[in-house]
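Here the structure is laid out as C-alpha cells; the discussion comes afterwards.
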Amino acid sequence: DHDTAAFAVATIRRWWLSVGSPAYPNATELLITADGGASNGSRVRLFKLEIQELVDEIGIPITICHFPPGTSKWNRIEHRLFSFISMNWKGQPLVSHEVMLNLIANTKTKSGLTVKAELDSSSYPTGIKVSDEEFSSINLVRHSFHGEWNYSIHPRGS
C-alpha cells in the first residue's frame with residue numbers, strides 16, 4: 001500500500017514470528033540496522049512507536065542502529081542481495097505480484113543466502129501523527145554514542 005513506518009515494523013514483526021523466533025528461541029534482544037531516512041528513519045516518531053508496540057508484544061528489547069545520513073549505500077548485505085535479485089529477474093516481464101514474488105523468492109547467492117518473500121496486502125495509510133504524549137510513552141534509551149541514531153527500546157514496565 002505505502003512504505004510507512006507501520007509497514008516497516010510489520011515486516012520486522014513478520015520476520016521475527018516466522019524466521020527469527022524459531023531460529024533464535026533464546027534471544028534476549030534484537031539488533032536492527034536501519035537507514036537514516038525514509039519510513040524507518042532515525043527521526044520518524046511513528047517508527048519508534050511501532051517498534052515499542054512490537055517490543056511490548058514480543059517481550060524483549062530491540063536496539064536500533066541507524067546508518068548516518070547519506071551512508072545507507074554502505075549496507076553491504078542489502079546491496080549484495082539486491083544485485084542477485086536484479087540478475088534473477090533480468091528480462092522477465094513483471095506482470096503480476098505472483099511473478100514478482102516467485103522471482104524474488106527463487107533468488108540465491110553463490111554463498112547460499114536465500115530470500116523469503118511474501119505479499120503484504122495490508123493497508124498502511126500515510127500521514128499518521130504521533131502526539132507528544134504517545135511519544136513520551138516510549139521506553140527509549142539513547143546510547144551514549146550518537147543517541148539520535150543509536151538507541152534501545154525496552155518493554156514498557158521494565
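Each chain in the C-alpha cells gets a letter, A, B and so on, in the order shown; residues start at 1 in every chain, and ligands are counted from 1 in the order they appear.
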### Task
For A:Ser136, please output as an NGL selection string all residues within 12 Å (counting only C-alpha atoms; exclusion window: fewer than 6 positions along the same chain).
:A and (45 or 48-49 or 52 or 130 or 156)
### Query
What's the 6 Å shell around A:Ile85, counting only C-alpha atoms, without same-chain residues fewer than 2 positions away, as a VMD selection string?
chain A and resid 82 to 83 87 to 88 104 107
### Task
Kindly indicate which residue among A:Glu98, A:Gly157, A:His2, A:Asn150 lies nearest to A:Ser42, using only C-alpha atoms for the distances.
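Smallest distance to A:Ser42 is found for A:Asn150.
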### Shortest interatomic distance to A:Leu17 - which of A:Glu29, A:Asp3, A:Glu57, A:Asp35, counting only C-alpha atoms
A:Glu57
### Query
What does the distance from atom CA of A:Glu148 to atom CA of A:Thr126 come to in Å, to one decimal?
23.5 Å
### Query
Which one is closest to A:Gly147: A:Thr71, A:Thr63, A:Ser21, A:Thr28? Count only C-alpha atoms.
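With only C-alpha atoms as the atom set, the closest residue is A:Thr63.
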### Query
Any idea what the distance is between atom CA of A:Glu118 and atom CA of A:Leu101?
6.7 Å
### Message
Quick check for you: according to DSSP on this backbone, which residues of chain A are classed as strand (DSSP E)? Reply as a list in words.
### Response
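So, restricting chain A to strand (DSSP E), we get Leu30, Leu31, Ile32, Thr33, Ala34, Ile62, Thr63, Ile64, Cys65, His66, Leu140, Val141, Arg142, Asn150, Tyr151, Ser152 and Ile153 of chain A.
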### Task
Work out how far atom CA of A:Gly37 is from atom CA of A:Gly70, in Å to one decimal.
8.8 Å
### Residue contacts of A:Thr4 (10 Å, only C-alpha atoms) excluding same-chain residues fewer than 4 positions away, as a PyMOL selection string
chain A and resi 8-10+38-40+44+46-47+124-128
Selected residues written out, N, CA, C and O atoms, as an mmCIF file, in the first residue's frame:
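Just written: result25.cif:
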```
data_model
loop_
_atom_site.group_PDB
_atom_site.id
_atom_site.type_symbol
_atom_site.label_atom_id
_atom_site.label_comp_id
_atom_site.auth_asym_id
_atom_site.auth_seq_id
_atom_site.Cartn_x
_atom_site.Cartn_y
_atom_site.Cartn_z
ATOM 1 N N ALA A 8 7.138 -0.873 7.735
ATOM 2 C CA ALA A 8 8.492 -1.316 8.084
ATOM 3 C C ALA A 8 8.467 -2.217 9.314
ATOM 4 O O ALA A 8 9.090 -3.286 9.333
ATOM 5 N N VAL A 9 7.725 -1.820 10.345
ATOM 6 C CA VAL A 9 7.688 -2.615 11.579
ATOM 7 C C VAL A 9 6.856 -3.880 11.379
ATOM 8 O O VAL A 9 7.198 -4.935 11.929
ATOM 9 N N ALA A 10 5.812 -3.827 10.561
ATOM 10 C CA ALA A 10 5.053 -5.050 10.258
ATOM 11 C C ALA A 10 5.953 -6.081 9.588
ATOM 12 O O ALA A 10 5.839 -7.280 9.843
ATOM 13 N N ALA A 38 13.725 7.896 5.379
ATOM 14 C CA ALA A 38 12.553 7.177 4.861
ATOM 15 C C ALA A 38 11.681 6.650 5.993
ATOM 16 O O ALA A 38 11.694 7.182 7.102
ATOM 17 N N SER A 39 10.951 5.579 5.734
ATOM 18 C CA SER A 39 9.924 5.105 6.676
ATOM 19 C C SER A 39 10.486 4.641 8.015
ATOM 20 O O SER A 39 9.803 4.692 9.025
ATOM 21 N N ASN A 40 11.715 4.157 8.026
ATOM 22 C CA ASN A 40 12.328 3.684 9.269
ATOM 23 C C ASN A 40 13.461 4.609 9.696
ATOM 24 O O ASN A 40 14.414 4.179 10.321
ATOM 25 N N VAL A 44 11.838 9.475 12.620
ATOM 26 C CA VAL A 44 10.434 9.131 12.405
ATOM 27 C C VAL A 44 9.818 8.638 13.716
ATOM 28 O O VAL A 44 10.105 7.537 14.183
ATOM 29 N N LEU A 46 6.768 7.754 14.397
ATOM 30 C CA LEU A 46 5.890 6.594 14.258
ATOM 31 C C LEU A 46 6.693 5.295 14.232
ATOM 32 O O LEU A 46 6.253 4.281 14.767
ATOM 33 N N PHE A 47 7.887 5.311 13.646
ATOM 34 C CA PHE A 47 8.730 4.116 13.635
ATOM 35 C C PHE A 47 9.053 3.695 15.064
ATOM 36 O O PHE A 47 8.936 2.518 15.423
ATOM 37 N N TYR A 124 -1.568 0.566 4.702
ATOM 38 C CA TYR A 124 -0.675 1.361 5.531
ATOM 39 C C TYR A 124 -0.854 2.836 5.175
ATOM 40 O O TYR A 124 -0.151 3.366 4.313
ATOM 41 N N PRO A 125 -1.819 3.490 5.824
ATOM 42 C CA PRO A 125 -2.088 4.896 5.480
ATOM 43 C C PRO A 125 -0.927 5.813 5.828
ATOM 44 O O PRO A 125 -0.162 5.556 6.758
ATOM 45 N N THR A 126 -0.815 6.863 5.067
ATOM 46 C CA THR A 126 0.220 7.857 5.302
ATOM 47 C C THR A 126 -0.329 8.974 6.187
ATOM 48 O O THR A 126 -1.530 9.068 6.415
ATOM 49 N N GLY A 127 0.559 9.810 6.685
ATOM 50 C CA GLY A 127 0.152 10.995 7.425
ATOM 51 C C GLY A 127 -0.229 10.774 8.876
ATOM 52 O O GLY A 127 -0.819 11.657 9.498
ATOM 53 N N ILE A 128 0.093 9.611 9.448
ATOM 54 C CA ILE A 128 -0.239 9.355 10.848
ATOM 55 C C ILE A 128 0.714 10.156 11.731
ATOM 56 O O ILE A 128 1.933 10.070 11.582
#
```
### Query
Can you list, as a ChimeraX atom specification, every residue of stretch 50-123 of chain A that DSSP puts in alpha helix (DSSP H)?
/A:50-58,76-88,97-105
### From A:Asn106, A:His66, A:Trp89, A:Ser121, residue lying nearest A:Phe145 [only C-alpha atoms]
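Closest candidate: A:His66.
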Which neighbours of A:Val141 fall inside 7 Å, counting only C-alpha atoms, when residues of the same chain fewer than 6 positions from it are skipped, and could you give them as a short mmCIF file (atom, residue, chain, number, x, y, z; two decimals) with all heavy atoms, in the first residue's frame?
```cif
data_model
loop_
_atom_site.label_atom_id
_atom_site.label_comp_id
_atom_site.auth_asym_id
_atom_site.auth_seq_id
_atom_site.Cartn_x
_atom_site.Cartn_y
_atom_site.Cartn_z
N TYR A 151 19.84 3.61 19.65
CA TYR A 151 19.01 3.59 20.86
C TYR A 151 18.40 2.20 21.02
O TYR A 151 18.37 1.39 20.08
CB TYR A 151 17.91 4.66 20.78
CG TYR A 151 17.10 4.60 19.52
CD1 TYR A 151 15.98 3.76 19.41
CD2 TYR A 151 17.45 5.36 18.40
CE1 TYR A 151 15.25 3.71 18.24
CE2 TYR A 151 16.71 5.30 17.23
CZ TYR A 151 15.61 4.46 17.15
OH TYR A 151 14.90 4.40 15.99
N SER A 152 17.94 1.93 22.23
CA SER A 152 17.23 0.68 22.53
C SER A 152 15.84 1.04 23.03
O SER A 152 15.66 2.04 23.71
CB SER A 152 17.97 -0.12 23.60
OG SER A 152 19.25 -0.50 23.13
N ILE A 153 14.89 0.21 22.65
CA ILE A 153 13.52 0.36 23.14
C ILE A 153 13.21 -0.91 23.94
O ILE A 153 13.37 -2.02 23.44
CB ILE A 153 12.53 0.58 21.99
CG1 ILE A 153 12.88 1.89 21.26
CG2 ILE A 153 11.10 0.59 22.51
CD1 ILE A 153 11.99 2.25 20.10
#
```
### Counting only C-alpha atoms, the residue of A:Ala27, A:Ala5, A:Val55, A:Ile32 that sits nearest A:Trp149
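Result for the nearest residue to A:Trp149: A:Ile32.
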### Query
Of the candidates A:Arg43, A:Lys129, A:Ile60, A:Val95, which one gets nearest to A:Trp16 if we count only C-alpha atoms?
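Distance minimum relative to A:Trp16 lands on A:Ile60.
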